[in-house]
>>> print(open('run-v1.txt').read())   # compact mmCIF, C-alpha atoms
# COMPACT_ATOMS: atom_id res chain seq x y z
CA MET T 788 38.79 14.26 -6.36
CA THR T 789 40.27 15.50 -3.11
CA GLU T 790 40.00 13.68 0.22
CA GLN T 791 37.51 16.28 1.48
CA GLU T 792 35.37 15.90 -1.63
CA ARG T 793 35.29 12.12 -1.12
CA LYS T 794 34.24 12.61 2.51
CA ASP T 795 31.55 15.09 1.52
CA MET T 796 30.17 12.68 -1.09
CA ALA T 797 30.21 9.79 1.38
CA LEU T 798 28.32 11.86 3.96
CA ALA T 799 25.82 13.01 1.34
CA LEU T 800 25.25 9.42 0.24
CA LEU T 801 24.79 8.24 3.82
CA ALA T 802 22.33 11.05 4.62
CA ASP T 803 20.36 10.35 1.45
CA GLU T 804 20.25 6.63 2.17
CA LEU T 805 19.05 7.17 5.76
CA ALA T 806 16.40 9.63 4.63
CA GLU T 807 15.16 7.22 2.00
CA ARG T 808 14.93 4.37 4.50
CA VAL T 809 12.92 6.49 6.93
CA LEU T 810 10.56 7.59 4.15
CA GLN T 811 10.23 3.99 2.93
CA LYS T 812 9.26 2.89 6.45
CA LEU T 813 6.58 5.58 6.56
CA VAL T 814 5.25 4.59 3.15
CA ASP T 815 5.19 0.89 4.07
CA ARG T 816 3.24 1.72 7.23
CA GLN T 817 0.64 3.65 5.24
CA LYS T 818 0.34 0.86 2.69
CA ARG T 819 -1.08 -1.35 5.44
CA ALA T 820 -4.70 -0.26 5.11
CA LEU T 821 -8.03 -0.86 6.80
CA VAL T 822 -10.81 -1.29 4.22
CA VAL T 823 -14.43 -0.65 5.24
CA VAL T 824 -17.02 -1.98 2.78
CA THR T 825 -20.62 -0.86 3.30
CA GLY T 826 -23.62 -2.03 1.30
CA ALA T 827 -23.51 0.43 -1.61
CA ALA T 828 -24.64 -1.07 -4.91
CA ILE T 829 -22.90 1.33 -7.33
CA GLY T 830 -19.24 1.34 -8.35
CA VAL T 831 -18.01 -1.32 -5.92
CA PRO T 832 -16.43 -3.77 -8.43
CA THR T 833 -14.54 -0.89 -10.07
CA ALA T 834 -13.23 0.41 -6.73
CA LEU T 835 -12.15 -3.09 -5.71
CA GLU T 836 -10.25 -3.46 -8.97
CA GLY T 837 -8.35 -0.28 -8.11
CA LEU T 838 -7.42 -1.67 -4.70
CA LYS T 839 -6.43 -4.95 -6.32
CA GLU T 840 -4.06 -3.00 -8.54
CA LEU T 841 -2.47 -1.45 -5.45
CA ARG T 842 -1.68 -4.90 -4.04
CA LYS T 843 0.98 -5.16 -6.76
CA GLU T 844 2.60 -2.07 -5.21
CA GLY T 845 2.84 -3.60 -1.76
CA PHE T 846 -0.50 -2.61 -0.22
CA THR T 847 -2.00 -5.04 2.29
CA TYR T 848 -5.52 -5.01 3.69
CA HIS T 849 -7.60 -5.78 6.75
CA VAL T 850 -11.29 -5.64 5.88
CA LEU T 851 -14.55 -4.97 7.67
CA MET T 852 -17.72 -5.74 5.69
CA THR T 853 -21.16 -4.73 6.87
CA ARG T 854 -23.88 -7.36 6.72
CA SER T 855 -25.56 -5.52 3.86
CA ALA T 856 -22.25 -5.53 1.96
CA MET T 857 -22.20 -9.31 2.31
CA TYR T 858 -25.48 -9.46 0.36
CA VAL T 859 -24.73 -6.69 -2.16
CA THR T 860 -21.05 -7.29 -2.93
CA GLY T 861 -20.31 -10.68 -1.42
CA GLU T 862 -17.41 -11.91 0.65
CA GLU T 863 -15.98 -13.95 -2.21
CA ALA T 864 -15.59 -10.88 -4.46
CA VAL T 865 -13.84 -8.93 -1.70
CA ARG T 866 -11.50 -11.79 -0.84
CA ALA T 867 -10.62 -12.34 -4.51
CA ALA T 868 -9.77 -8.66 -5.08
CA LEU T 869 -8.08 -7.76 -1.80
CA GLU T 870 -6.71 -11.05 -0.41
CA PRO T 871 -7.15 -9.60 3.09
CA GLU T 872 -4.96 -10.62 5.98
CA GLN T 873 -8.11 -10.52 8.09
CA LEU T 874 -11.79 -10.04 7.27
CA TRP T 875 -14.55 -9.26 9.75
CA VAL T 876 -18.29 -9.26 9.07
CA GLU T 877 -20.37 -6.53 10.76
CA SER T 878 -18.12 -6.23 13.83
CA PRO T 879 -14.40 -6.83 14.49
CA ASP T 880 -13.07 -8.89 17.37
CA ARG T 881 -12.11 -5.72 19.27
CA PRO T 882 -13.71 -2.28 19.67
CA PRO T 883 -13.83 -0.59 16.23
CA GLU T 884 -11.85 2.44 17.43
CA VAL T 885 -9.10 0.16 18.76
CA VAL T 886 -8.83 -1.61 15.40
CA ALA T 887 -8.85 1.66 13.43
CA ALA T 888 -6.08 3.07 15.63
CA GLN T 889 -3.66 0.49 14.21
CA PHE T 890 -3.92 1.90 10.67
CA ASP T 891 -2.82 5.19 9.12
CA THR T 892 -4.90 4.54 6.01
CA ILE T 893 -8.63 3.80 5.97
CA LEU T 894 -10.25 3.07 2.61
CA VAL T 895 -13.95 2.98 1.79
CA PRO T 896 -14.61 1.51 -1.69
CA ALA T 897 -18.36 1.50 -1.05
CA LEU T 898 -20.20 4.19 0.91
CA THR T 899 -23.98 4.10 1.37
CA VAL T 900 -26.26 7.14 1.60
CA ASN T 901 -27.11 6.04 5.14
CA THR T 902 -23.48 5.84 6.31
CA ALA T 903 -22.66 9.18 4.67
CA ALA T 904 -25.57 10.83 6.51
CA HIS T 905 -24.51 9.41 9.87
CA LEU T 906 -20.88 10.45 9.40
CA ALA T 907 -21.93 13.94 8.31
CA CYS T 908 -23.68 14.23 11.69
CA CYS T 909 -20.60 12.79 13.46
CA MET T 910 -22.58 9.70 14.47
CA SER T 911 -20.75 6.40 14.90
CA ASP T 912 -23.62 4.06 15.71
CA SER T 913 -22.18 1.13 13.75
CA PRO T 914 -18.71 -0.49 13.71
CA ALA T 915 -18.18 0.64 10.11
CA GLY T 916 -19.11 4.22 10.91
CA ALA T 917 -17.02 4.18 14.09
CA MET T 918 -13.92 3.12 12.15
CA ILE T 919 -14.33 5.78 9.48
CA LEU T 920 -15.14 8.53 11.98
CA SER T 921 -12.20 7.50 14.16
CA GLY T 922 -9.93 7.93 11.15
CA LEU T 923 -11.30 11.40 10.48
CA LEU T 924 -11.02 12.43 14.13
CA LYS T 925 -7.35 11.42 14.21
CA GLY T 926 -6.43 12.95 10.85
CA LYS T 927 -5.63 9.68 9.11
CA ASN T 928 -5.71 9.05 5.37
CA VAL T 929 -9.42 8.39 4.76
CA VAL T 930 -10.19 7.80 1.07
CA ILE T 931 -13.84 7.26 0.11
CA ALA T 932 -15.36 6.28 -3.24
CA VAL T 933 -18.71 8.07 -3.25
CA ASP T 934 -20.42 6.54 -6.30
CA GLY T 935 -22.99 4.79 -4.12
CA ALA T 936 -23.77 7.90 -2.07
CA CYS T 937 -23.71 10.59 -4.76
CA PRO T 938 -27.21 11.69 -5.90
CA ASP T 939 -25.88 12.68 -9.34
CA ASN T 940 -24.61 9.23 -10.31
CA PRO T 941 -26.47 8.33 -13.54
CA LYS T 942 -26.86 4.72 -12.44
CA ARG T 943 -29.09 5.88 -9.61
CA GLY T 944 -31.80 6.75 -12.15
CA GLU T 945 -31.43 3.31 -13.73
CA LEU T 946 -32.15 1.81 -10.31
CA GLY T 947 -35.40 3.75 -10.05
CA TYR T 948 -34.34 6.69 -7.86
CA HIS T 949 -36.05 10.00 -8.71
CA MET T 950 -35.57 12.34 -5.76
CA THR T 951 -36.70 15.89 -5.12
CA ARG T 952 -34.30 18.78 -5.32
CA PRO T 953 -34.17 19.38 -1.54
CA LEU T 954 -33.33 15.71 -0.94
CA ARG T 955 -30.63 15.82 -3.61
CA ASP T 956 -29.18 18.96 -2.00
CA THR T 957 -29.09 17.29 1.41
CA LEU T 958 -27.17 14.29 0.04
CA HIS T 959 -24.71 16.69 -1.58
CA GLU T 960 -24.29 18.52 1.72
CA ASN T 961 -23.48 15.26 3.50
CA LEU T 962 -20.62 14.58 1.09
CA GLU T 963 -19.41 18.17 1.33
CA LYS T 964 -19.28 17.81 5.11
CA LEU T 965 -17.21 14.62 4.84
CA GLN T 966 -14.77 16.43 2.59
CA ALA T 967 -14.62 19.33 5.05
CA TYR T 968 -13.89 16.83 7.84
CA GLY T 969 -10.78 15.70 5.94
CA ALA T 970 -12.00 12.74 3.89
CA ARG T 971 -10.56 12.41 0.39
CA LEU T 972 -13.58 11.83 -1.83
CA THR T 973 -13.12 10.14 -5.17
CA SER T 974 -14.91 8.07 -7.77
CA ALA T 975 -14.65 4.29 -7.90
CA GLU T 976 -12.76 4.65 -11.18
CA ASP T 977 -10.12 6.89 -9.58
CA MET T 978 -9.84 4.96 -6.30
CA ALA T 979 -6.28 3.74 -6.86
CA LYS T 980 -5.10 7.18 -7.98
CA ALA T 981 -6.63 8.85 -4.92
CA VAL T 982 -5.06 6.32 -2.55
CA ARG T 983 -1.63 6.83 -4.09
CA LYS T 984 -1.99 10.58 -3.75
CA ALA T 985 -2.93 10.23 -0.07
CA VAL T 986 -0.19 7.76 0.83
CA TYR T 987 2.62 9.56 -0.98
CA SER T 988 1.49 13.12 -0.19
CA PHE T 989 4.11 13.63 2.54
CA LEU T 990 7.06 12.70 0.30
CA PRO T 991 9.23 15.63 -0.78
CA ALA T 992 8.55 16.69 -4.33
CA GLN T 993 11.26 16.40 -6.95
CA THR T 994 13.12 19.66 -7.41
CA ALA T 995 12.95 19.14 -11.15
CA LYS T 996 11.06 16.89 -13.52
CA PRO T 997 13.04 14.33 -15.50
CA ALA T 998 14.27 15.90 -18.70
CA ALA T 999 12.93 14.56 -21.97
CA PRO T 1000 15.42 12.37 -23.84
CA ASP T 1001 17.49 13.95 -26.59
CA LYS T 1002 16.13 13.35 -30.07
CA ALA T 1003 19.35 11.60 -30.97
CA GLU T 1004 18.86 9.02 -28.25
CA LYS T 1005 17.40 5.69 -29.26
CA PRO T 1006 15.20 3.52 -27.05
CA ALA T 1007 17.01 0.62 -25.45
CA ALA T 1008 16.90 -2.81 -26.98
CA GLN T 1009 14.02 -3.89 -24.73
CA GLY T 1010 11.95 -0.98 -26.04
CA GLY T 1011 11.93 1.05 -22.83
CA LYS T 1012 11.71 4.83 -22.92
CA VAL T 1013 15.06 6.51 -22.22
CA ILE T 1014 14.90 9.32 -19.68
CA ARG T 1015 17.34 11.64 -17.92
CA PRO T 1016 16.71 11.63 -14.16
CA ALA T 1017 16.48 14.59 -11.82
CA MET T 1018 19.36 14.16 -9.37
CA THR T 1019 20.90 15.74 -6.32
CA GLY T 1020 24.58 16.08 -7.14
CA LYS T 1021 25.86 12.71 -8.29
CA ILE T 1022 23.43 10.61 -6.27
CA LEU T 1023 20.57 8.76 -7.98
CA SER T 1024 17.91 8.25 -5.31
CA VAL T 1025 14.73 6.22 -5.13
CA LYS T 1026 12.67 9.39 -5.69
CA ALA T 1027 14.22 9.75 -9.14
CA VAL T 1028 13.42 6.12 -9.97
CA ASN T 1029 9.80 6.53 -8.85
CA THR T 1030 9.25 9.22 -11.48
CA ALA T 1031 10.19 6.83 -14.29
CA PRO T 1032 7.45 4.86 -16.07
CA ARG T 1033 7.52 1.08 -15.80
CA GLY T 1034 10.03 -0.52 -18.15
CA ALA T 1035 11.91 2.73 -18.75
CA VAL T 1036 15.67 3.13 -19.05
CA ILE T 1037 17.28 5.70 -16.76
CA ARG T 1038 20.47 7.01 -18.32
CA ALA T 1039 22.63 8.77 -15.72
CA PRO T 1040 25.94 10.64 -16.15
CA LYS T 1041 29.31 9.02 -15.56
CA GLY T 1042 30.23 8.84 -11.88
CA THR T 1043 26.61 8.62 -10.66
CA ILE T 1044 26.17 6.76 -7.37
CA VAL T 1045 23.02 4.62 -7.16
CA THR T 1046 21.57 4.16 -3.68
CA ALA T 1047 20.58 0.67 -2.59
CA LEU T 1048 16.91 1.62 -2.32
CA ALA T 1049 16.98 3.12 -5.81
CA SER T 1050 18.42 -0.12 -7.16
CA ASP T 1051 15.75 -2.20 -5.39
CA GLU T 1052 12.95 0.05 -6.63
CA ALA T 1053 14.29 -0.11 -10.19
CA ARG T 1054 14.13 -3.92 -10.10
CA ARG T 1055 10.57 -3.80 -8.74
CA LEU T 1056 9.42 -1.43 -11.49
CA GLY T 1057 11.33 -3.18 -14.26
CA VAL T 1058 13.42 -0.04 -14.77
CA THR T 1059 16.96 -0.30 -16.15
CA ILE T 1060 19.65 2.05 -14.83
CA GLN T 1061 22.48 2.80 -17.24
CA ILE T 1062 25.55 4.78 -16.16
CA GLU T 1063 27.31 6.45 -19.06
CA SER T 1064 30.93 5.47 -19.54
>>> encode(input="run-v1.txt", output="structure tokens")
Amino acid sequence: MTEQERKDMALALLADELAERVLQKLVDRQKRALVVVTGAAIGVPTALEGLKELRKEGFTYHVLMTRSAMYVTGEEAVRAALEPEQLWVESPDRPPEVVAAQFDTILVPALTVNTAAHLACCMSDSPAGAMILSGLLKGKNVVIAVDGACPDNPKRGELGYHMTRPLRDTLHENLEKLQAYGARLTSAEDMAKAVRKAVYSFLPAQTAKPAAPDKAEKPAAQGGKVIRPAMTGKILSVKAVNTAPRGAVIRAPKGTIVTALASDEARRLGVTIQIES
């Protein structure tokens, strides 16, 4: 390798490392989320389980619960699932819009028909509604599980709801308006998946998917799947590690340089990096 080639590789490594650190800062900021829990009775435990799962990935939460949510879901269940850094009931200690401004991500694991109707009309006559609407007005990541507000949810019939077609259409229209306003609507079951998609949406996509392992390759001793990473030149970045399933073995060509962030992420995911000799 010539002196110029070494300089070029060093500059490429430095640029990649700086870019990764900036992106990591942005991701970490978006993982600090404001959670608004209204008094919906359908799907809430499932949505909370999804948010609990995200805590293992570094998500942290500040929570506002409406008074009705205190009766329907209960503070204990929310604290157990989210382990919030702060939890307010009905109203925060500052104006709702001021609190919401501190977060890039606003999550709603439980949305009532009433709150959906008010938001569809751009009304923020409650602290919970003000926080959600503020997020929409400022283009933040607003992810809403709509099980409790969707007229087609089969559990609604079990609870005794039998509405007319025009009423059903109006409830649909409210949700369609929220989506048009920029909210990411999801089911309670897919809450974690939708949040990940929102938080990581700005990251550059991989230029190529990891290649499948050769048939001749054997899984590593610990049983992890062996994969070939997508790389830029000889640099293995954190983006390549993030595409690997947990417990996998990344087998990279001889001479590969592993960035510090890639190494840290591999340890967090239980991924082994092997450089061929």
>>> atom_distance(input="run-v1.txt", atom1="CA of Thr1059 (chain T)", atom2="CA of Lys794 (chain T)")
28.5 Å
>>> atom_distance(input="run-v1.txt", atom1="CA of Ala981 (chain T)", atom2="CA of Gln966 (chain T)")
13.4 Å
>>> closest_residue(input="run-v1.txt", among="T:Leu924, T:Asp977, T:Val900, T:Thr892", to="Arg943 (chain T)", atoms="only C-alpha atoms")
T:Val900
>>> atom_distance(input="run-v1.txt", atom1="CA of Arg1055 (chain T)", atom2="CA of Asn1029 (chain T)")
10.4 Å
>>> closest_residue(input="run-v1.txt", among="T:Leu821, T:Ala967, T:Ala975, T:Val1045", to="Leu898 (chain T)", atoms="all atoms listed in the file")
T:Ala975
>>> residues_around(input="run-v1.txt", residues="Gly1057 (chain T)", least_positions_apart="4", cutoff="10 Å", atoms="only C-alpha atoms", output="list in words")
Gly1011, Pro1032, Arg1033, Gly1034, Ala1035, Val1036, Asp1051, Glu1052 and Ala1053 of chain T
>>> residues_near_point(input="run-v1.txt", point="(-17.0, -8.5, -5.3)", cutoff="9 Å", atoms="only C-alpha atoms", output="list of chain:residue names")
T:Val831, T:Pro832, T:Leu835, T:Val859, T:Thr860, T:Gly861, T:Glu862, T:Glu863, T:Ala864, T:Val865, T:Arg866, T:Ala867, T:Ala868
>>> axis_aligned_box(input="run-v1.txt", around="region 905-908 of chain T", padding_each_side="3 Å", output="lines of an AutoDock Vina configuration file")
center_x = -22.7
center_y = 11.8
center_z = 10.0
size_x = 9.6
size_y = 10.8
size_z = 9.4
>>> closest_residue(input="run-v1.txt", among="T:Ala903, T:Val986, T:Ala828, T:Val814", to="Leu946 (chain T)", atoms="all atoms listed in the file")
T:Ala828
>>> residues_around(input="run-v1.txt", residues="Leu923 (chain T)", least_positions_apart="2", cutoff="12 Å", atoms="all atoms listed in the file", output="MDAnalysis selection string")
chainID T and resid 884 887:888 891:894 906:907 909 911 916:921 925:931 964:971
>>> closest_residue(input="run-v1.txt", among="T:Gly830, T:Ala1049, T:Cys908, T:Ala1039", to="Asn940 (chain T)", atoms="only C-alpha atoms")
T:Gly830
>>> residues_near_point(input="run-v1.txt", point="(-19.1, 7.1, -4.7)", cutoff="7 Å", atoms="only C-alpha atoms", output="list in words")
Gly830, Ala897, Leu898, Ala932, Val933, Asp934, Gly935, Ala936, Cys937, Thr973, Ser974 and Ala975 of chain T
>>> residues_around(input="run-v1.txt", residues="Glu1063 (chain T)", least_positions_apart="3", cutoff="8 Å", atoms="all atoms listed in the file", output="PyMOL selection string")
chain T and resi 1038-1041
>>> closest_residue(input="run-v1.txt", among="T:Ser1064, T:Leu841, T:Val876, T:Arg1015", to="Tyr858 (chain T)", atoms="all atoms listed in the file")
T:Val876
>>> residues_around(input="run-v1.txt", residues="Glu840 (chain T)", least_positions_apart="6", cutoff="12 Å", atoms="only C-alpha atoms", output="list in words")
Thr833, Ala834, Phe846, Thr847, Ala868, Leu869, Glu870, Glu976, Asp977, Met978, Ala979, Lys980, Val982 and Arg983 of chain T
>>> closest_residue(input="run-v1.txt", among="T:Ile1037, T:Val1013, T:Val850, T:Leu954", to="Val886 (chain T)", atoms="all atoms listed in the file")
T:Val850
>>> decode(input="run-v1.txt", residues="region 873-884 of chain T", atoms="all heavy atoms", output="short mmCIF file (atom, residue, chain, number, x, y, z; two decimals), in the first residue's frame")
data_model
loop_
_atom_site.label_atom_id
_atom_site.label_comp_id
_atom_site.auth_asym_id
_atom_site.auth_seq_id
_atom_site.Cartn_x
_atom_site.Cartn_y
_atom_site.Cartn_z
N GLN T 873 -40.04 10.44 34.19
CA GLN T 873 -41.00 11.32 34.83
C GLN T 873 -42.39 10.93 34.37
O GLN T 873 -42.59 10.54 33.22
CB GLN T 873 -40.71 12.78 34.47
CG GLN T 873 -41.45 13.79 35.33
CD GLN T 873 -40.84 15.18 35.21
OE1 GLN T 873 -40.03 15.44 34.33
NE2 GLN T 873 -41.20 16.08 36.12
N LEU T 874 -43.36 11.00 35.27
CA LEU T 874 -44.74 10.66 34.93
C LEU T 874 -45.67 11.72 35.50
O LEU T 874 -45.61 12.02 36.70
CB LEU T 874 -45.11 9.27 35.45
CG LEU T 874 -46.49 8.74 35.03
CD1 LEU T 874 -46.46 7.22 34.87
CD2 LEU T 874 -47.59 9.14 36.02
N TRP T 875 -46.49 12.30 34.61
CA TRP T 875 -47.48 13.28 35.04
C TRP T 875 -48.87 12.69 34.88
O TRP T 875 -49.11 11.87 33.98
CB TRP T 875 -47.41 14.54 34.17
CG TRP T 875 -46.09 15.24 34.17
CD1 TRP T 875 -45.55 16.03 35.14
CD2 TRP T 875 -45.13 15.24 33.09
NE1 TRP T 875 -44.33 16.52 34.76
CE2 TRP T 875 -44.04 16.05 33.51
CE3 TRP T 875 -45.07 14.64 31.84
CZ2 TRP T 875 -42.92 16.27 32.71
CZ3 TRP T 875 -43.97 14.84 31.04
CH2 TRP T 875 -42.91 15.65 31.47
N VAL T 876 -49.79 13.09 35.74
CA VAL T 876 -51.19 12.68 35.63
C VAL T 876 -52.01 13.90 35.24
O VAL T 876 -51.97 14.93 35.94
CB VAL T 876 -51.70 12.08 36.94
CG1 VAL T 876 -53.18 11.74 36.82
CG2 VAL T 876 -50.90 10.83 37.31
N GLU T 877 -52.71 13.80 34.12
CA GLU T 877 -53.63 14.81 33.60
C GLU T 877 -52.93 16.05 33.06
O GLU T 877 -53.21 16.49 31.95
CB GLU T 877 -54.65 15.23 34.67
CG GLU T 877 -55.81 16.05 34.13
CD GLU T 877 -56.65 15.29 33.09
OE1 GLU T 877 -56.75 14.04 33.17
OE2 GLU T 877 -57.18 15.96 32.19
N SER T 878 -51.99 16.62 33.82
CA SER T 878 -51.33 17.85 33.36
C SER T 878 -49.88 17.87 33.83
O SER T 878 -49.60 17.51 34.98
CB SER T 878 -52.08 19.07 33.90
OG SER T 878 -51.48 20.26 33.43
N PRO T 879 -48.94 18.27 32.95
CA PRO T 879 -47.53 18.34 33.36
C PRO T 879 -47.28 19.58 34.22
O PRO T 879 -48.19 20.39 34.45
CB PRO T 879 -46.79 18.43 32.03
CG PRO T 879 -47.76 19.10 31.11
CD PRO T 879 -49.12 18.62 31.53
N ASP T 880 -46.06 19.71 34.68
CA ASP T 880 -45.73 20.84 35.55
C ASP T 880 -45.41 22.11 34.76
O ASP T 880 -45.08 23.14 35.35
CB ASP T 880 -44.55 20.47 36.46
CG ASP T 880 -43.37 19.91 35.68
OD1 ASP T 880 -43.43 19.89 34.43
OD2 ASP T 880 -42.39 19.47 36.31
N ARG T 881 -45.47 22.04 33.45
CA ARG T 881 -45.26 23.19 32.57
C ARG T 881 -46.31 23.16 31.47
O ARG T 881 -46.99 22.14 31.31
CB ARG T 881 -43.87 23.14 31.95
CG ARG T 881 -42.71 23.47 32.89
CD ARG T 881 -41.43 22.83 32.42
NE ARG T 881 -41.45 21.40 32.62
CZ ARG T 881 -40.61 20.54 32.04
NH1 ARG T 881 -39.70 21.00 31.19
NH2 ARG T 881 -40.68 19.24 32.30
N PRO T 882 -46.47 24.20 30.69
CA PRO T 882 -47.43 24.15 29.58
C PRO T 882 -47.15 22.94 28.68
O PRO T 882 -45.99 22.64 28.38
CB PRO T 882 -47.19 25.47 28.85
CG PRO T 882 -46.67 26.39 29.91
CD PRO T 882 -45.83 25.53 30.80
N PRO T 883 -48.20 22.23 28.26
CA PRO T 883 -48.01 21.02 27.45
C PRO T 883 -47.14 21.23 26.22
O PRO T 883 -46.30 20.39 25.88
CB PRO T 883 -49.44 20.63 27.06
CG PRO T 883 -50.29 21.23 28.12
CD PRO T 883 -49.62 22.49 28.53
N GLU T 884 -47.33 22.37 25.54
CA GLU T 884 -46.55 22.63 24.33
C GLU T 884 -45.06 22.80 24.65
O GLU T 884 -44.19 22.43 23.85
CB GLU T 884 -47.07 23.89 23.63
CG GLU T 884 -48.47 23.76 23.06
CD GLU T 884 -49.55 24.03 24.09
OE1 GLU T 884 -49.22 24.25 25.29
OE2 GLU T 884 -50.73 24.02 23.71
#
